[in-house]
file final-v4.txt (compact mmCIF, C-alpha atoms)
# COMPACT_ATOMS: atom_id res chain seq x y z
CA MET A 335 112.95 101.78 115.58
CA TYR A 336 109.45 100.93 114.43
CA PRO A 337 108.69 97.50 115.93
CA GLY A 338 109.54 94.79 113.41
CA ALA A 339 111.27 97.15 110.97
CA THR A 340 114.34 94.96 110.99
CA ALA A 341 115.32 94.83 107.31
CA ASP A 342 118.57 96.37 106.05
CA ARG A 343 118.12 99.58 104.11
CA THR A 344 119.49 98.03 100.93
CA GLU A 345 117.03 95.13 101.02
CA ALA A 346 113.98 97.03 102.24
CA ASN A 347 110.69 97.23 100.36
CA PHE A 348 109.39 99.81 102.84
CA VAL A 349 111.34 102.51 104.68
CA VAL A 350 109.96 104.28 107.76
CA VAL A 351 111.02 107.93 108.01
CA GLY A 352 110.00 110.12 110.93
CA ALA A 353 109.27 113.79 110.19
CA PRO A 354 108.54 115.45 113.55
CA LEU A 355 107.60 118.86 112.10
CA ASP A 356 105.56 120.97 114.54
CA ALA A 357 105.77 124.47 113.08
CA SER A 358 102.28 125.51 111.98
CA THR A 359 99.98 123.47 114.23
CA THR A 360 97.08 125.81 114.89
CA PHE A 361 95.37 124.64 118.09
CA ALA A 362 97.02 121.93 120.18
CA PRO A 363 100.70 121.41 119.31
CA GLY A 364 102.67 118.23 119.89
CA THR A 365 103.11 116.65 116.45
CA ARG A 366 106.85 116.74 117.15
CA PHE A 367 106.18 113.72 119.34
CA GLY A 368 104.15 111.90 116.65
CA PRO A 369 106.83 109.58 115.24
CA ARG A 370 108.01 108.62 118.71
CA ARG A 371 104.44 107.94 119.89
CA ILE A 372 103.50 105.90 116.84
CA ARG A 373 106.58 103.71 117.24
CA HIS A 374 105.93 103.31 120.97
CA PHE A 375 102.25 102.43 120.74
CA SER A 376 102.92 99.95 117.93
CA GLU A 377 105.00 97.82 120.28
CA THR A 378 102.02 95.80 121.44
CA PHE A 379 100.95 94.62 117.98
CA ASP A 380 101.58 90.98 117.13
CA ASP A 381 104.16 90.29 114.47
CA TYR A 382 101.77 87.81 112.85
CA ASP A 383 98.78 89.01 110.80
CA HIS A 384 96.08 86.37 110.61
CA ARG A 385 94.19 87.89 107.66
CA THR A 386 97.14 87.79 105.29
CA ASP A 387 99.03 84.96 107.04
CA ARG A 388 102.17 87.09 107.11
CA ARG A 389 104.69 88.31 109.62
CA PHE A 390 105.57 91.99 109.71
CA THR A 391 109.25 91.12 110.16
CA ASP A 392 109.11 89.25 106.82
CA CYS A 393 107.75 92.28 104.94
CA ALA A 394 111.20 93.91 104.51
CA VAL A 395 110.57 97.12 106.45
CA HIS A 396 113.49 99.34 107.49
CA ASP A 397 113.35 102.26 109.92
CA ALA A 398 115.63 105.12 108.84
CA GLY A 399 114.88 107.15 111.99
CA ASP A 400 113.75 110.77 112.10
CA ILE A 401 114.74 113.72 109.95
CA ARG A 402 115.06 116.32 112.67
CA ALA A 403 112.87 119.32 111.93
CA TRP A 404 113.99 122.94 112.06
CA ASP A 405 112.24 126.28 111.67
CA ALA A 406 112.67 126.91 107.93
CA VAL A 407 109.81 124.74 106.74
CA ASP A 408 110.48 125.19 103.01
CA GLU A 409 114.11 124.05 103.46
CA TYR A 410 113.00 121.19 105.65
CA LEU A 411 110.45 120.00 103.09
CA GLU A 412 113.10 120.12 100.36
CA PHE A 413 115.51 117.98 102.35
CA LEU A 414 112.77 115.59 103.46
CA GLU A 415 111.47 115.21 99.92
CA GLY A 416 114.98 114.33 98.74
CA THR A 417 115.36 111.73 101.46
CA LEU A 418 112.03 110.16 100.50
CA ARG A 419 112.95 110.31 96.81
CA ASP A 420 116.02 108.21 97.59
CA VAL A 421 113.67 105.59 99.01
CA HIS A 422 111.47 105.78 95.91
CA TRP A 423 114.48 105.51 93.58
CA ASP A 424 115.48 102.35 95.43
CA ASP A 425 112.06 100.90 94.47
CA ALA A 426 110.89 100.97 98.09
CA VAL A 427 107.79 102.61 99.55
CA PRO A 428 108.36 105.44 102.02
CA LEU A 429 106.28 105.21 105.21
CA LEU A 430 106.34 108.73 106.59
CA LEU A 431 105.47 109.37 110.24
CA GLY A 432 104.40 112.96 110.96
CA GLY A 433 104.68 115.51 112.13
CA GLU A 434 102.10 118.00 110.99
CA HIS A 435 100.26 117.40 107.72
CA THR A 436 102.58 119.76 105.81
CA VAL A 437 105.09 116.91 105.49
CA SER A 438 102.74 115.14 103.06
CA ALA A 439 103.79 117.65 100.40
CA ALA A 440 107.32 116.22 100.61
CA GLY A 441 105.99 112.66 100.43
CA ALA A 442 103.72 113.31 97.45
CA GLY A 443 106.51 115.19 95.66
CA ALA A 444 108.99 112.38 96.23
CA VAL A 445 107.01 109.53 94.69
CA ASP A 446 105.48 111.28 91.68
CA ALA A 447 101.98 109.77 92.14
CA ASP A 448 98.95 110.41 89.92
CA VAL A 449 96.38 110.60 92.72
CA PHE A 450 96.57 112.00 96.25
CA VAL A 451 94.23 110.01 98.48
CA CYS A 452 93.77 111.51 101.89
CA LEU A 453 91.87 110.54 105.03
CA ASP A 454 91.23 113.88 106.67
CA ALA A 455 88.60 115.81 108.64
CA HIS A 456 89.66 119.01 106.88
CA LEU A 457 89.85 119.93 103.23
CA ASP A 458 93.29 121.55 103.69
CA LEU A 459 92.60 123.48 100.47
CA ARG A 460 93.35 126.99 101.76
CA SER A 461 95.75 129.03 99.67
CA GLU A 462 97.23 130.25 102.97
CA TYR A 463 96.42 130.24 106.68
CA ASP A 464 97.46 133.17 108.86
CA GLY A 465 99.56 134.29 105.90
CA ASN A 466 101.43 131.01 105.76
CA PRO A 467 101.12 128.99 102.53
CA LEU A 468 103.00 126.11 104.16
CA SER A 469 100.55 125.79 107.05
CA HIS A 470 99.20 122.30 107.72
CA ALA A 471 95.80 123.75 106.74
CA CYS A 472 97.02 124.22 103.14
CA VAL A 473 98.76 120.96 102.31
CA THR A 474 96.24 119.47 99.88
CA ARG A 475 96.13 122.80 98.02
CA ARG A 476 99.95 122.84 97.80
CA ILE A 477 99.90 119.34 96.36
CA LEU A 478 97.14 120.09 93.84
CA ASP A 479 98.34 123.56 92.83
CA PRO A 480 102.10 123.58 93.46
CA ASP A 481 102.65 126.47 91.06
CA ASP A 482 100.73 128.84 93.34
CA TYR A 483 103.75 128.88 95.59
CA ASP A 484 107.28 129.55 94.36
CA ASP A 485 109.24 127.19 96.58
CA ALA A 486 106.74 124.35 96.66
CA PRO A 487 107.94 120.82 95.94
CA ASP A 488 107.76 119.73 92.31
CA ILE A 489 104.48 117.80 92.37
CA ASP A 490 102.39 116.59 89.46
CA VAL A 491 99.26 115.11 91.04
CA GLU A 492 96.21 115.13 88.78
CA GLU A 493 93.51 114.48 91.38
CA ALA A 494 92.86 114.60 95.12
CA ILE A 495 90.36 112.30 96.84
CA ILE A 496 89.64 113.52 100.37
CA ILE A 497 87.81 110.93 102.45
CA GLY A 498 86.20 111.84 105.76
CA ALA A 499 86.25 115.60 105.17
CA ARG A 500 83.55 117.42 107.09
CA THR A 501 84.73 120.99 107.40
CA GLY A 502 86.40 123.79 105.46
CA SER A 503 86.19 127.48 104.69
CA GLU A 504 84.01 128.84 101.89
CA GLU A 505 87.12 129.26 99.71
CA GLU A 506 88.08 125.65 100.30
CA TRP A 507 84.65 124.27 99.39
CA GLU A 508 84.77 126.32 96.18
CA ARG A 509 88.15 124.81 95.28
CA ALA A 510 86.79 121.39 96.23
CA SER A 511 83.94 121.76 93.75
CA GLU A 512 86.35 121.65 90.80
CA ASP A 513 86.79 118.48 88.75
CA ASP A 514 90.15 117.46 90.20
CA VAL A 515 88.86 117.12 93.78
CA THR A 516 86.54 114.46 95.18
CA VAL A 517 85.26 114.96 98.71
CA VAL A 518 83.72 111.96 100.46
CA SER A 519 81.92 112.68 103.71
CA PRO A 520 82.22 110.29 106.68
CA ASP A 521 78.64 109.16 106.03
CA GLU A 522 79.51 108.11 102.46
CA ALA A 523 82.98 106.73 103.08
CA ALA A 524 82.17 103.03 103.62
CA ASP A 525 80.03 102.88 100.47
CA PHE A 526 82.70 104.71 98.47
CA VAL A 527 85.37 102.02 98.99
CA PRO A 528 84.38 99.82 95.99
CA GLU A 529 84.33 102.91 93.75
CA LEU A 530 87.73 103.92 95.08
CA GLU A 531 89.10 100.56 93.97
CA ASP A 532 87.84 101.21 90.42
CA ARG A 533 89.16 104.76 90.32
CA LEU A 534 92.67 103.72 91.29
CA GLU A 535 92.92 100.91 88.76
CA GLY A 536 96.02 101.47 86.60
CA ARG A 537 97.09 104.59 88.50
CA GLU A 538 99.66 105.27 91.18
CA ALA A 539 98.46 106.81 94.42
CA TYR A 540 99.97 108.49 97.45
CA LEU A 541 98.02 107.74 100.63
CA SER A 542 98.00 110.22 103.49
CA VAL A 543 96.32 109.37 106.78
CA ASP A 544 95.63 112.52 108.78
CA ILE A 545 94.60 110.94 112.04
CA ASP A 546 91.98 113.65 112.63
CA GLY A 547 89.98 111.98 109.86
CA ALA A 548 88.95 109.59 112.64
CA ASP A 549 86.28 110.72 115.04
CA PRO A 550 87.98 112.36 118.04
CA ALA A 551 86.40 109.69 120.23
CA TYR A 552 88.79 107.21 118.59
CA ALA A 553 91.83 109.47 118.15
CA PRO A 554 91.83 112.40 120.58
CA GLY A 555 95.59 112.87 120.36
CA THR A 556 95.53 115.33 117.48
CA GLY A 557 95.73 119.08 117.13
CA THR A 558 92.38 120.05 115.62
CA MET A 559 89.66 117.63 116.67
CA GLU A 560 86.53 117.57 114.52
CA PRO A 561 83.52 115.53 115.66
CA PHE A 562 81.31 113.32 113.46
CA GLY A 563 84.31 111.58 111.95
CA LEU A 564 85.28 108.23 110.48
CA ASP A 565 85.34 105.03 112.45
CA PRO A 566 88.62 103.09 112.47
CA ARG A 567 87.27 100.14 110.49
CA THR A 568 86.28 102.37 107.57
CA MET A 569 89.74 103.95 107.64
CA ARG A 570 91.24 100.46 107.64
CA ASP A 571 89.15 99.48 104.60
CA VAL A 572 90.33 102.57 102.72
CA VAL A 573 93.95 101.78 103.59
CA ARG A 574 93.55 98.17 102.43
CA THR A 575 92.01 99.36 99.17
CA VAL A 576 94.62 102.01 98.38
CA ALA A 577 97.72 100.07 99.51
CA PRO A 578 98.16 97.94 96.35
CA HIS A 579 98.20 101.14 94.26
CA ALA A 580 100.24 103.35 96.59
CA THR A 581 103.88 104.26 96.08
CA GLY A 582 103.96 106.30 99.28
CA PHE A 583 102.18 106.42 102.65
CA ASP A 584 102.07 108.73 105.61
CA ALA A 585 100.35 108.96 109.00
CA VAL A 586 100.34 112.51 110.33
CA GLU A 587 98.94 114.91 112.94
CA VAL A 588 99.42 112.53 115.88
CA ASN A 589 100.34 114.38 119.06
CA ASP A 590 100.95 113.46 122.68
CA ARG A 591 97.69 114.71 124.16
CA ASP A 592 95.89 111.45 124.72
CA ASP A 593 96.61 108.02 126.16
CA GLY A 594 97.94 106.66 122.90
CA GLN A 595 94.67 106.13 121.04
CA ALA A 596 95.70 108.29 118.03
CA ALA A 597 99.22 106.85 117.85
CA SER A 598 97.91 103.31 118.18
CA LEU A 599 95.43 103.81 115.33
CA ALA A 600 98.13 105.40 113.14
CA GLY A 601 100.55 102.56 113.85
CA LYS A 602 97.91 99.94 113.13
CA LEU A 603 96.94 101.58 109.82
CA LEU A 604 100.61 101.65 108.82
CA ARG A 605 100.81 97.91 109.42
CA GLU A 606 97.56 97.34 107.51
CA PHE A 607 99.11 99.26 104.65
CA VAL A 608 102.24 97.10 104.64
CA PHE A 609 100.40 93.78 104.96
CA SER A 610 97.85 94.71 102.29
CA ARG A 611 100.47 95.90 99.82
CA VAL A 612 102.71 92.87 100.25
CA ASP A 613 99.70 90.57 100.02
CA ALA A 614 98.43 92.22 96.84
CA LEU A 615 101.83 92.21 95.13
CA GLU A 616 102.70 88.63 96.01
CA SER A 617 99.35 86.94 95.43
CA MET B 1175 141.07 110.04 86.51
CA ALA B 1176 141.84 113.71 87.06
CA LYS B 1177 140.05 114.72 90.22
CA GLN B 1178 140.36 116.95 93.23
CA GLN B 1179 139.17 116.63 96.78
CA LYS B 1180 136.68 119.04 98.32
CA GLU B 1181 134.35 119.17 101.28
CA VAL B 1182 130.68 118.46 100.65
CA ARG B 1183 129.86 121.99 101.84
CA ASP B 1184 131.82 123.43 98.87
CA LEU B 1185 129.59 121.75 96.29
CA GLY B 1186 126.61 123.43 94.66
CA GLU B 1187 124.01 123.15 91.94
CA GLY B 1188 125.54 123.11 88.47
CA GLY B 1189 128.87 121.80 89.77
CA TYR B 1190 130.34 118.32 89.35
CA VAL B 1191 130.87 115.46 91.79
CA LEU B 1192 131.96 111.82 91.62
CA ILE B 1193 129.24 109.41 92.76
CA ASP B 1194 129.88 105.67 92.43
CA ASP B 1195 132.99 106.53 90.38
CA ALA B 1196 130.85 108.31 87.78
CA ALA B 1197 131.23 111.99 86.95
CA CYS B 1198 127.89 113.67 87.71
CA LYS B 1199 126.47 117.16 87.38
CA ILE B 1200 124.62 118.37 90.49
CA ASP B 1201 120.91 119.09 89.93
CA SER B 1202 119.99 119.91 93.51
CA TYR B 1203 121.74 120.45 96.81
CA SER B 1204 119.89 120.66 100.11
CA THR B 1205 121.05 120.59 103.70
CA ALA B 1206 119.52 119.45 106.96
CA LYS B 1207 120.28 121.80 109.81
CA PRO B 1208 122.19 120.27 112.70
CA GLY B 1209 120.57 119.76 116.06
CA LYS B 1210 122.34 120.62 119.27
CA HIS B 1211 124.36 117.44 118.88
CA GLY B 1212 125.41 116.47 115.39
CA SER B 1213 126.64 117.92 112.17
CA ALA B 1214 124.64 119.26 109.25
CA LYS B 1215 123.98 116.78 106.49
CA ALA B 1216 123.81 117.55 102.81
CA ARG B 1217 121.87 115.69 100.17
CA ILE B 1218 122.85 115.92 96.55
CA GLU B 1219 120.89 114.85 93.51
CA ALA B 1220 122.98 114.55 90.38
CA ARG B 1221 122.93 113.11 86.89
CA GLY B 1222 125.77 111.24 85.19
CA VAL B 1223 127.47 113.53 82.69
CA PHE B 1224 128.19 110.72 80.26
CA ASP B 1225 125.56 108.08 81.08
CA GLY B 1226 122.65 110.37 82.08
CA LYS B 1227 121.87 108.14 85.07
CA ARG B 1228 120.50 109.89 88.16
CA ARG B 1229 122.30 109.36 91.43
CA SER B 1230 122.10 110.78 94.91
CA LEU B 1231 124.38 111.21 97.87
CA SER B 1232 123.80 112.04 101.52
CA GLN B 1233 126.85 113.04 103.61
CA PRO B 1234 127.80 115.37 106.46
CA VAL B 1235 128.79 118.77 105.06
CA ASP B 1236 132.35 118.41 106.39
CA ALA B 1237 132.92 115.04 104.68
CA LYS B 1238 135.58 114.88 101.98
CA ILE B 1239 134.43 114.16 98.46
CA TRP B 1240 136.03 113.79 95.02
CA VAL B 1241 135.19 116.19 92.25
CA PRO B 1242 136.13 115.21 88.68
CA ILE B 1243 138.13 117.60 86.54
CA ILE B 1244 136.28 117.79 83.26
CA ASN B 1245 137.76 119.67 80.33
CA ARG B 1246 135.49 121.94 78.33
CA LYS B 1247 136.72 122.09 74.74
CA GLN B 1248 135.89 123.78 71.46
CA GLY B 1249 135.78 121.86 68.22
CA GLN B 1250 134.78 122.22 64.60
CA ILE B 1251 132.87 119.61 62.64
CA VAL B 1252 134.98 118.59 59.65
CA SER B 1253 132.70 116.00 58.12
CA VAL B 1254 129.58 113.96 58.82
CA ASP B 1255 129.32 110.27 57.98
CA GLY B 1256 126.03 108.62 58.97
CA ASP B 1257 125.75 108.64 62.78
CA ASP B 1258 129.38 109.71 63.22
CA MET B 1259 131.17 112.97 62.70
CA GLN B 1260 134.79 114.04 62.51
CA VAL B 1261 135.57 116.88 64.88
CA MET B 1262 138.77 118.93 64.95
CA ASP B 1263 139.82 120.20 68.36
CA LEU B 1264 140.34 123.94 67.94
CA GLU B 1265 143.17 124.04 70.45
CA SER B 1266 145.27 121.00 69.57
CA TYR B 1267 143.95 120.56 65.97
CA GLU B 1268 143.64 116.85 66.74
CA THR B 1269 140.81 115.20 64.81
CA ILE B 1270 138.49 112.81 66.62
CA THR B 1271 135.48 110.75 65.67
CA MET B 1272 132.35 111.29 67.71
CA ARG B 1273 128.89 109.76 67.67
CA ILE B 1274 126.27 112.41 66.76
CA PRO B 1275 123.74 112.79 69.60
CA GLU B 1276 120.11 112.37 68.59
CA ASP B 1277 119.18 115.94 69.44
CA VAL B 1278 122.07 117.54 67.53
CA ASP B 1279 121.80 118.64 63.91
CA ALA B 1280 125.43 118.32 62.79
CA SER B 1281 126.78 119.82 59.62
CA PRO B 1282 130.35 120.53 58.47
CA ASP B 1283 131.98 123.81 59.60
CA ASP B 1284 129.73 124.08 62.68
CA ASN B 1285 131.55 124.91 65.90
CA ILE B 1286 130.67 122.82 68.92
CA GLU B 1287 131.54 122.77 72.61
CA TYR B 1288 132.13 119.46 74.35
CA LEU B 1289 133.13 118.02 77.69
CA GLU B 1290 135.97 115.52 77.81
CA MET B 1291 137.10 113.21 80.57
CA GLU B 1292 139.26 110.12 80.11
CA GLY B 1293 138.26 109.58 76.50
CA GLN B 1294 134.57 110.13 77.20
CA ARG B 1295 133.02 113.08 75.44
CA LYS B 1296 129.68 114.86 75.57
CA ILE B 1297 128.49 117.75 73.43
CA VAL B 1298 127.22 120.67 75.50
call {"tool": "encode", "arguments": {"input": "final-v4.txt", "output": "structure tokens"}}
result
Amino acid sequence: MYPGATADRTEANFVVVGAPLDASTTFAPGTRFGPRRIRHFSETFDDYDHRTDRRFTDCAVHDAGDIRAWDAVDEYLEFLEGTLRDVHWDDAVPLLLGGEHTVSAAGAGAVDADVFVCLDAHLDLRSEYDGNPLSHACVTRRILDPDDYDDAPDIDVEEAIIIGARTGSEEEWERASEDDVTVVSPDEAADFVPELEDRLEGREAYLSVDIDGADPAYAPGTGTMEPFGLDPRTMRDVVRTVAPHATGFDAVEVNDRDDGQAASLAGKLLREFVFSRVDALES
Amino acid sequence: MAKQQKEVRDLGEGGYVLIDDAACKIDSYSTAKPGKHGSAKARIEARGVFDGKRRSLSQPVDAKIWVPIINRKQGQIVSVDGDDMQVMDLESYETITMRIPEDVDASPDDNIEYLEMEGQRKIV
């Protein structure tokens, strides 16, 4: 159980769902351990949050456990999306723990958001990677252009905002130059936060935290490290800004190849998300 | 209510199922594969046949579940009066009064098909 996620499912405003998918990881595998690691390295966090004067155990969070992953990724995404849609239909916010980034397609499909906001080192805008359209390197493309792929989740996102992106193929940068994609480099990210607030006004967002958006110095436990990344405080500010507008959240691409730095950052950002959303809705 | 018992594994898209005592038509059916220890779980998304409300269900595939028996009938519109119409059942020749759905253009002598369960009716 995620520490402090003590609410009953029927009374929860947030539901943690683990999605330990580890099928298409391209360099270092281990995302199958992500949900377990994030829960474990969140154990040290205080229940009380001084900034919002709230306790995590009062925020009505429930942990529904993991949806065990199997090889057929399209079938898995379909089942996972349905599980997350149940959460959304119950007027709660799913908090998805990856797992590779592919699971974000299920999250975004479940909550029917207008904008996909993503903290990520990579554009993830490939039409396919190694012949696989459901690779973790293609997830933002799947969410933006679901019709390119027959069995993709039914997603109707109008815009993607990728914060912290610093690498991609030529094809991906071309796709990123179109009007429905905004790419914010790590250098620009802190200054972009006030604009992000304005752009989300009156719209519903889905927030995906790919932990490799952080500089690998802060989060080495991830599959495809990319230097010159975001610092944790900028990621925190983005999470705080998006949370009041977000109907779904995920933290993905955490693996077991560090001493807990990546999992700890992911767990802390999840808590920031919960505190910020509750604070915004109740004040 | 006329109903029969089935296993969740026997259900499929387009079929019917009782969820929260309401007859529902299944829109989607997906299963999670079992691990080494545990049974496969199915998730069903359905919509109420008579109330249009969406509902979902998550159960092991070997769980027992009730499926409503819904009659599909043929009728002929006898007359139209405002929002209501008189329909003659083409099997029993019984005449019933039905509310005209918003998306139906009803006129006398038209043949219609409708679902009936326990006095509730819906035009197909």
call {"tool": "interface_residues", "arguments": {"input": "final-v4.txt", "of": "chain A", "to": "chain B", "cutoff": "12 Å", "atoms": "all atoms listed in the file", "output": "short mmCIF file (atom, residue, chain, number, x, y, z; two decimals) with C-alpha atoms, in the coordinates of the input"}}
result
data_model
loop_
_atom_site.label_atom_id
_atom_site.label_comp_id
_atom_site.auth_asym_id
_atom_site.auth_seq_id
_atom_site.Cartn_x
_atom_site.Cartn_y
_atom_site.Cartn_z
CA ASP A 400 113.75 110.77 112.10
CA ILE A 401 114.74 113.72 109.95
CA ARG A 402 115.06 116.32 112.67
CA ALA A 403 112.87 119.32 111.93
CA TRP A 404 113.99 122.94 112.06
CA ASP A 405 112.24 126.28 111.67
CA ALA A 406 112.67 126.91 107.93
CA VAL A 407 109.81 124.74 106.74
CA ASP A 408 110.48 125.19 103.01
CA GLU A 409 114.11 124.05 103.46
CA TYR A 410 113.00 121.19 105.65
CA LEU A 411 110.45 120.00 103.09
CA GLU A 412 113.10 120.12 100.36
CA PHE A 413 115.51 117.98 102.35
CA LEU A 414 112.77 115.59 103.46
CA GLU A 415 111.47 115.21 99.92
CA GLY A 416 114.98 114.33 98.74
CA THR A 417 115.36 111.73 101.46
CA LEU A 418 112.03 110.16 100.50
CA ARG A 419 112.95 110.31 96.81
CA ASP A 420 116.02 108.21 97.59
CA VAL A 421 113.67 105.59 99.01
CA HIS A 422 111.47 105.78 95.91
CA TRP A 423 114.48 105.51 93.58
CA ASP A 424 115.48 102.35 95.43
#
call {"tool": "residues_around", "arguments": {"input": "final-v4.txt", "residues": "A:Val350", "least_positions_apart": "3", "cutoff": "6 Å", "atoms": "only C-alpha atoms", "output": "list in words"}}
result
Asp397, Ala398, Leu429 and Leu430 of chain A
call {"tool": "closest_atom_pairs", "arguments": {"input": "final-v4.txt", "of": "stretch 558-599 of chain A", "to": "stretch 443-453 of chain A", "cutoff": "10 Å", "atoms": "only C-alpha atoms", "output": "Markdown table"}}
result
| residue | atom | partner | partner_atom | distance |
| --- | --- | --- | --- | --- |
| A:Leu564 | CA | A:Leu453 | CA | 8.9 |
| A:Met569 | CA | A:Leu453 | CA | 7.4 |
| A:Val572 | CA | A:Leu453 | CA | 8.4 |
| A:Val573 | CA | A:Leu453 | CA | 9.1 |
| A:Val576 | CA | A:Val451 | CA | 8.0 |
| A:His579 | CA | A:Ala447 | CA | 9.7 |
| A:Ala580 | CA | A:Ala447 | CA | 8.0 |
| A:Thr581 | CA | A:Val445 | CA | 6.3 |
| A:Gly582 | CA | A:Val445 | CA | 6.4 |
| A:Phe583 | CA | A:Val451 | CA | 9.7 |
| A:Asp584 | CA | A:Cys452 | CA | 9.5 |
| A:Ala585 | CA | A:Leu453 | CA | 9.5 |
call {"tool": "atom_distance", "arguments": {"input": "final-v4.txt", "atom1": "atom CA of B:Cys1198", "atom2": "atom CA of B:Asp1236"}}
result
19.8 Å
call {"tool": "atom_distance", "arguments": {"input": "final-v4.txt", "atom1": "atom CA of A:Asp342", "atom2": "atom CA of A:Glu616"}}
result
20.3 Å
call {"tool": "closest_residue", "arguments": {"input": "final-v4.txt", "among": "A:Val608, A:Val349, A:Ala597, A:Met335", "to": "A:Cys393", "atoms": "all atoms listed in the file"}}
result
A:Val608
call {"tool": "residues_around", "arguments": {"input": "final-v4.txt", "residues": "stretch 433-439 of chain A", "least_positions_apart": "5", "cutoff": "7 Å", "atoms": "all atoms listed in the file", "output": "list in words"}}
result
Ala353, Pro354, Leu355, Asp356, Thr359, Thr365, Arg366, Gly368, Leu411, Leu468, Ser469, His470, Val473, Arg476, Ile477, Pro487, Ser542, Asp544, Asp584, Val586 and Glu587 of chain A
call {"tool": "closest_residue", "arguments": {"input": "final-v4.txt", "among": "B:Glu1290, B:Glu1187, B:Asp1283, B:Asp1195", "to": "B:Ile1239", "atoms": "only C-alpha atoms"}}
result
B:Asp1195
call {"tool": "atom_distance", "arguments": {"input": "final-v4.txt", "atom1": "atom CA of A:Asp387", "atom2": "atom CA of A:Ser617"}}
result
11.8 Å
call {"tool": "residues_near_point", "arguments": {"input": "final-v4.txt", "point": "(134.3, 120.2, 63.0)", "cutoff": "7 Å", "atoms": "only C-alpha atoms", "output": "ChimeraX atom specification"}}
result
/B:1249-1253,1260-1262,1282-1285
call {"tool": "closest_residue", "arguments": {"input": "final-v4.txt", "among": "A:Lys602, A:Asp565, A:Ala596, A:Glu493", "to": "A:Ala442", "atoms": "only C-alpha atoms"}}
result
A:Glu493
call {"tool": "residues_near_point", "arguments": {"input": "final-v4.txt", "point": "(134.1, 122.6, 70.6)", "cutoff": "8 Å", "atoms": "all atoms listed in the file", "output": "NGL selection string"}}
result
:B and (1246-1250 or 1263-1264 or 1285-1288 or 1297)
call {"tool": "decode", "arguments": {"input": "final-v4.txt", "residues": "stretch 464-496 of chain A", "atoms": "C-alpha atoms", "output": "mmCIF file, in the first residue's frame"}}
result
data_model
loop_
_atom_site.group_PDB
_atom_site.id
_atom_site.type_symbol
_atom_site.label_atom_id
_atom_site.label_comp_id
_atom_site.auth_asym_id
_atom_site.auth_seq_id
_atom_site.Cartn_x
_atom_site.Cartn_y
_atom_site.Cartn_z
ATOM 1 C CA ASP A 464 11.897 -1.110 -33.581
ATOM 2 C CA GLY A 465 8.627 -1.769 -35.390
ATOM 3 C CA ASN A 466 6.601 -1.433 -32.211
ATOM 4 C CA PRO A 467 3.965 1.334 -32.144
ATOM 5 C CA LEU A 468 3.330 0.625 -28.455
ATOM 6 C CA SER A 469 6.950 1.177 -27.448
ATOM 7 C CA HIS A 470 7.530 3.561 -24.541
ATOM 8 C CA ALA A 471 9.299 5.781 -27.109
ATOM 9 C CA CYS A 472 5.978 6.386 -28.912
ATOM 10 C CA VAL A 473 3.530 7.133 -26.115
ATOM 11 C CA THR A 474 3.011 10.862 -26.672
ATOM 12 C CA ARG A 475 2.454 10.181 -30.386
ATOM 13 C CA ARG A 476 -0.138 7.501 -29.542
ATOM 14 C CA ILE A 477 -1.942 9.959 -27.294
ATOM 15 C CA LEU A 478 -1.873 12.792 -29.848
ATOM 16 C CA ASP A 479 -2.610 10.685 -32.935
ATOM 17 C CA PRO A 480 -4.542 7.644 -31.673
ATOM 18 C CA ASP A 481 -6.027 6.969 -35.100
ATOM 19 C CA ASP A 482 -2.588 6.090 -36.498
ATOM 20 C CA TYR A 483 -2.845 2.808 -34.684
ATOM 21 C CA ASP A 484 -5.861 0.503 -34.915
ATOM 22 C CA ASP A 485 -5.999 -0.808 -31.361
ATOM 23 C CA ALA A 486 -4.974 2.369 -29.591
ATOM 24 C CA PRO A 487 -7.055 3.598 -26.663
ATOM 25 C CA ASP A 488 -9.858 6.005 -27.519
ATOM 26 C CA ILE A 489 -8.153 9.312 -26.722
ATOM 27 C CA ASP A 490 -9.230 12.820 -27.640
ATOM 28 C CA VAL A 491 -6.397 15.063 -26.456
ATOM 29 C CA GLU A 492 -6.112 18.346 -28.333
ATOM 30 C CA GLU A 493 -2.614 19.375 -27.248
ATOM 31 C CA ALA A 494 0.587 17.998 -25.734
ATOM 32 C CA ILE A 495 2.935 20.126 -23.628
ATOM 33 C CA ILE A 496 6.272 18.360 -23.150
#
